[in-house]
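Asks: Below is a structure I'd like to ask you about.
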Amino acid sequence: MWSIILRDIKLAIRSGGGFSLTLAFFLIVIMIVPFGVGANLDLLSRIAPGLLWIGALLSCLLSLDRIFQLDWEDGTLEALATSPIPLSGIAIAKATAHWITTGLPITLASLPLGYLLNLNYEAYFWLFTTLAIGTPTLSFIGTFGAAITVGIRRGGLLLSLLVLPLYIPTLMLGAQCVSKGTNNPLELLALISAISLMCIALLPFACAIALRANLK
Amino acid sequence: MLINIENLDCRRGNKLIIANVSLCLKTGECLILKGPNGSGKTTLLRHIAGLNSKNINDLVNADIAYSGHLDGVKSTLTVYENLQFWAGIYKSKNLESVIKTLNLENLYTRMAGELSAGQKRRLGLARMLITNAKIWLMDEPTVSLDQATTRLVSDAISNHCQKGGAAIISTHVDLDLPESSVLDITQFKPHKDTKTDPFLEGTF
């Protein structure tokens, strides 16, 4: 499994990989918001948590269709499916690599971007924590969506339609948790963690079923 | 007995491609599948590899390595990185000897995307040697290979069989393998049952 994670990270960083694209998209989306809504600092700091979370979600979405599609097209997925590693293990490795190349950089980049949106000082900690705990959910749900749509040419749009509704709970809880910064957001954080853990525990098996059906 | 299959029906999608296949494969044996395009060679190989059905595992008693029409080569990785990845997956340590066997030394640091079709195929087949699996399932392994490389591959296959492995290969080219038997796959073509409604074919 380590080999898959390492290889996927390598592929993401090399030319044509999704790493820089995702990060650049996140930066640009957040940076053009003040041009759209105006330089009203109060307004910006009020909408900052939601915007940062939506930005994270959308940039995560960009690279989802690469998770299995490229391996499917060049036959690697077939070869992996006949290897000793179970399909659920492959899904875990793929989702982990996706998180390392998207979720993690987004989480780190959100801090300076929060400053650009005049985020409250108390909210920085919660922004970082919710994104760090919540982005694995995005990667695992996304991997599941990618496993379902893997055989479909240009399935990216369908993938977004499938996956975005499933992101709603995490988005709501995450954005609320950050914007409530001061009055005990721990309960929301516990819920985000619960969703994240559930996705990590269950979705790889669903991925395996979807992949097996698509490989037929 | 490495593989012992009796009366296997193979479907692709809902369509019955070949029916009542019985074959067995012993250690050291090499089975060549022959048949025209569309006769079900790929379908049978995918079935045995476990890609089309789950319950094949009871019939196959050893590790399997499958190489399909596609090479599974990543164009943005170097030749060595590609092989290293598969060596990691199969936890094998014979990487250097595989590179030597398939004459890949001088391509070592080249990006796989810059390779020719034949070189890519050779790199894809190197995976089979890395797997250390007993049974090799190869679907048209010699496509886009020149004569010298074809001989290299058939040598690798016969070497593998001599060392206690076995292989099932679908090919149109004569690989000149000793100890090989030919299985004509057209004999398993399902007979059209005139009693069933043609509109319901494949429904049940």
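Labels for the structure tokens follow display order: chains A, B, ..., residues from 1 in each chain, ligands from 1.
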Distance limit 8 Å, atoms considered: only C-alpha atoms. Which chain A residues sit that close to chain B? Return them as JSON, numbers by chain.
Replies: {"A": [1, 2, 3, 4, 7, 11, 14, 15, 71, 74, 75, 76, 77, 78, 79, 81, 82, 83, 84, 85, 212, 215, 216]}
Asks: Using C-alpha atoms, can you export the residues from the last selection as a PDB file, in the first residue's frame?
Replies:
```pdb
ATOM      1  CA  MET A   1       0.000   0.000   0.000  1.00  0.00           C
ATOM      2  CA  TRP A   2       2.891   2.354   0.690  1.00  0.00           C
ATOM      3  CA  SER A   3       4.022   1.892  -2.880  1.00  0.00           C
ATOM      4  CA  ILE A   4       0.637   3.073  -4.157  1.00  0.00           C
ATOM      5  CA  ARG A   7       3.597   6.553  -6.488  1.00  0.00           C
ATOM      6  CA  LEU A  11       2.438  11.277 -10.123  1.00  0.00           C
ATOM      7  CA  ARG A  14       5.013  15.488 -11.808  1.00  0.00           C
ATOM      8  CA  SER A  15       3.803  17.420 -14.829  1.00  0.00           C
ATOM      9  CA  ASP A  71      -5.103   3.933 -13.750  1.00  0.00           C
ATOM     10  CA  ASP A  74      -3.597   2.597 -18.888  1.00  0.00           C
ATOM     11  CA  GLY A  75      -4.452  -0.813 -17.428  1.00  0.00           C
ATOM     12  CA  THR A  76      -2.819  -0.269 -14.042  1.00  0.00           C
ATOM     13  CA  LEU A  77      -6.107  -0.742 -12.218  1.00  0.00           C
ATOM     14  CA  GLU A  78      -6.642  -4.146 -13.828  1.00  0.00           C
ATOM     15  CA  ALA A  79      -3.143  -5.186 -12.853  1.00  0.00           C
ATOM     16  CA  ALA A  81      -6.924  -5.714  -8.993  1.00  0.00           C
ATOM     17  CA  THR A  82      -5.158  -9.008  -9.679  1.00  0.00           C
ATOM     18  CA  SER A  83      -2.334  -8.197  -7.242  1.00  0.00           C
ATOM     19  CA  PRO A  84      -2.286  -9.525  -3.669  1.00  0.00           C
ATOM     20  CA  ILE A  85      -3.519  -6.176  -2.302  1.00  0.00           C
ATOM     21  CA  ARG A 212     -15.159  -4.817  -8.923  1.00  0.00           C
ATOM     22  CA  LEU A 215     -13.866  -3.937 -13.862  1.00  0.00           C
ATOM     23  CA  LYS A 216     -16.205  -6.618 -15.147  1.00  0.00           C
TER      24      LYS A 216
END
```
Asks: A:Ile5: which residues within 8 Å, counting only C-alpha atoms, same-chain residues fewer than 4 positions away excluded, as number ranges by chain?
Replies: A: 1, 9, 93-94, 96-97
Asks: How many Å lie between atom CA of A:Glu122 and atom CA of A:Ser179, rounded to one decimal?
Replies: 9.4 Å
Asks: Identify which of the residues B:Val143, B:Cys10, B:Leu83, B:His172 lies closest to B:Glu96, counting only C-alpha atoms when measuring atom-to-atom distances.
Replies: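 Checking each of B:Val143, B:Cys10, B:Leu83, B:His172 against B:Glu96, counting only C-alpha atoms, the winner is B:Leu83.
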Asks: Could you give me, as a list in words, the residues within 8 Å of stretch 155-166 of chain B, counting only C-alpha atoms and dropping anything in the same chain fewer than 2 positions from it?
Replies: Leu25, Lys26, Thr27, Gly28, Glu29, Cys30, Thr101, Ala133, Lys134, Ile135, Trp136, Arg151, Leu152, Val153, Ile168, Leu177 and Pro178 of chain B
Asks: Please, could you write that set of residues out with N, CA and C atoms as a short mmCIF file (atom, residue, chain, number, x, y, z; two decimals), in the first residue's frame?
Replies:
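This is the output file part-v7.cif:
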```cif
data_model
loop_
_atom_site.label_atom_id
_atom_site.label_comp_id
_atom_site.auth_asym_id
_atom_site.auth_seq_id
_atom_site.Cartn_x
_atom_site.Cartn_y
_atom_site.Cartn_z
N LEU B 25 -4.29 -27.11 -15.67
CA LEU B 25 -2.94 -26.63 -15.89
C LEU B 25 -2.05 -27.18 -14.79
N LYS B 26 -1.02 -27.89 -15.21
CA LYS B 26 -0.11 -28.46 -14.21
C LYS B 26 1.16 -27.62 -14.15
N THR B 27 1.94 -27.86 -13.11
CA THR B 27 3.21 -27.15 -12.98
C THR B 27 4.08 -27.42 -14.20
N GLY B 28 4.69 -26.35 -14.71
CA GLY B 28 5.58 -26.49 -15.85
C GLY B 28 4.89 -26.48 -17.19
N GLU B 29 3.58 -26.38 -17.18
CA GLU B 29 2.83 -26.43 -18.44
C GLU B 29 2.58 -25.04 -18.99
N CYS B 30 2.44 -24.98 -20.29
CA CYS B 30 2.11 -23.72 -20.91
C CYS B 30 0.97 -23.96 -21.90
N THR B 101 17.15 -9.34 -17.50
CA THR B 101 16.52 -10.37 -18.34
C THR B 101 15.83 -9.74 -19.55
N ALA B 133 4.65 -14.67 -9.27
CA ALA B 133 3.45 -15.50 -9.24
C ALA B 133 3.71 -16.79 -10.00
N LYS B 134 3.00 -17.84 -9.58
CA LYS B 134 3.19 -19.14 -10.23
C LYS B 134 2.56 -19.18 -11.61
N ILE B 135 1.35 -18.61 -11.70
CA ILE B 135 0.63 -18.69 -12.97
C ILE B 135 0.67 -17.35 -13.68
N TRP B 136 1.10 -17.36 -14.91
CA TRP B 136 1.06 -16.15 -15.73
C TRP B 136 -0.10 -16.24 -16.69
N ARG B 151 11.36 -13.27 -29.01
CA ARG B 151 12.13 -14.42 -28.55
C ARG B 151 12.51 -14.24 -27.09
N LEU B 152 12.86 -13.02 -26.72
CA LEU B 152 13.21 -12.70 -25.33
C LEU B 152 12.05 -13.06 -24.40
N VAL B 153 10.84 -12.68 -24.85
CA VAL B 153 9.66 -12.94 -24.03
C VAL B 153 9.36 -14.43 -23.96
N ILE B 168 -0.79 -19.35 -19.14
CA ILE B 168 -1.83 -19.44 -20.17
C ILE B 168 -1.68 -18.20 -21.03
N LEU B 177 7.30 -22.38 -28.04
CA LEU B 177 7.59 -22.78 -26.67
C LEU B 177 7.60 -24.30 -26.57
N PRO B 178 8.63 -24.88 -25.93
CA PRO B 178 8.58 -26.32 -25.68
C PRO B 178 7.55 -26.60 -24.58
#
```
Asks: Run DSSP on the backbone and grab whatever in stretch 26-205 of chain A lands in helix (DSSP H, G or I); send it over as an MDAnalysis selection string.
Replies: chainID A and resid 26:37 41:62 66:73 76:81 87:116 123:148 156:179 186:205
Asks: For A:Phe26, please output as a PyMOL selection string all residues within 7 Å (counting only C-alpha atoms; exclusion window: fewer than 3 positions along the same chain).
Replies: chain A and resi 22-23+29-30+55-56+59
Asks: For atom CA of B:Ser22 and atom CA of B:Leu129, quote the distance in Å rounded to one decimal.
Replies: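 So the two atoms, atom CA of B:Ser22 and atom CA of B:Leu129, lie 27.3 Å apart.
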Asks: State, in Å with one decimal place, the distance from atom CA of A:Leu44 to atom CA of A:Val163.
Replies: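 Spanning atom CA of A:Leu44 to atom CA of A:Val163 is a straight-line distance of 27.8 Å.
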Asks: I'd like the contact shell of B:Gln147 - 12 Å cut-off, only C-alpha atoms, skipping same-chain residues fewer than 5 positions apart - returned as a PDB file with N, CA and C atoms, in the first residue's frame.
Replies:
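This went into result-v2.pdb:
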```pdb
ATOM      1  N   GLY B 118       6.820  -0.807 -28.555  1.00  0.00           N
ATOM      2  CA  GLY B 118       7.430  -2.097 -28.236  1.00  0.00           C
ATOM      3  C   GLY B 118       8.165  -2.067 -26.907  1.00  0.00           C
ATOM      4  N   THR B 142       2.770 -10.456 -27.332  1.00  0.00           N
ATOM      5  CA  THR B 142       3.778 -10.079 -28.329  1.00  0.00           C
ATOM      6  C   THR B 142       3.329  -8.956 -29.252  1.00  0.00           C
ATOM      7  N   LEU B 152      12.859 -13.016 -26.724  1.00  0.00           N
ATOM      8  CA  LEU B 152      13.209 -12.701 -25.330  1.00  0.00           C
ATOM      9  C   LEU B 152      12.045 -13.063 -24.400  1.00  0.00           C
ATOM     10  N   VAL B 153      10.842 -12.684 -24.851  1.00  0.00           N
ATOM     11  CA  VAL B 153       9.659 -12.939 -24.032  1.00  0.00           C
ATOM     12  C   VAL B 153       9.365 -14.433 -23.963  1.00  0.00           C
ATOM     13  N   SER B 154       9.473 -15.114 -25.119  1.00  0.00           N
ATOM     14  CA  SER B 154       9.159 -16.551 -25.074  1.00  0.00           C
ATOM     15  C   SER B 154      10.209 -17.305 -24.264  1.00  0.00           C
ATOM     16  N   VAL B 173       0.662 -15.287 -32.621  1.00  0.00           N
ATOM     17  CA  VAL B 173       2.020 -15.525 -33.110  1.00  0.00           C
ATOM     18  C   VAL B 173       2.513 -16.856 -32.572  1.00  0.00           C
ATOM     19  N   ASP B 174       3.315 -17.537 -33.369  1.00  0.00           N
ATOM     20  CA  ASP B 174       3.874 -18.783 -32.879  1.00  0.00           C
ATOM     21  C   ASP B 174       5.049 -18.474 -31.957  1.00  0.00           C
ATOM     22  N   LEU B 175       4.883 -18.792 -30.685  1.00  0.00           N
ATOM     23  CA  LEU B 175       5.907 -18.410 -29.713  1.00  0.00           C
ATOM     24  C   LEU B 175       7.029 -19.437 -29.615  1.00  0.00           C
ATOM     25  N   ASP B 176       6.840 -20.609 -30.242  1.00  0.00           N
ATOM     26  CA  ASP B 176       7.885 -21.621 -30.253  1.00  0.00           C
ATOM     27  C   ASP B 176       8.293 -22.036 -28.842  1.00  0.00           C
TER      28      ASP B 176
END
```
Asks: Near B:Leu23, within 12 Å and counting only C-alpha atoms, which residues show up once chain neighbours fewer than 4 positions away are dropped, as a ChimeraX atom specification?
Replies: /B:1-8,29-33,44,48,59-60,168,181-185,188
Asks: With only C-alpha atoms as the atoms that count, which of A:Tyr167, A:Tyr121, A:Trp53, A:Phe140 lies nearest to A:Cys199?
Replies: A:Phe140
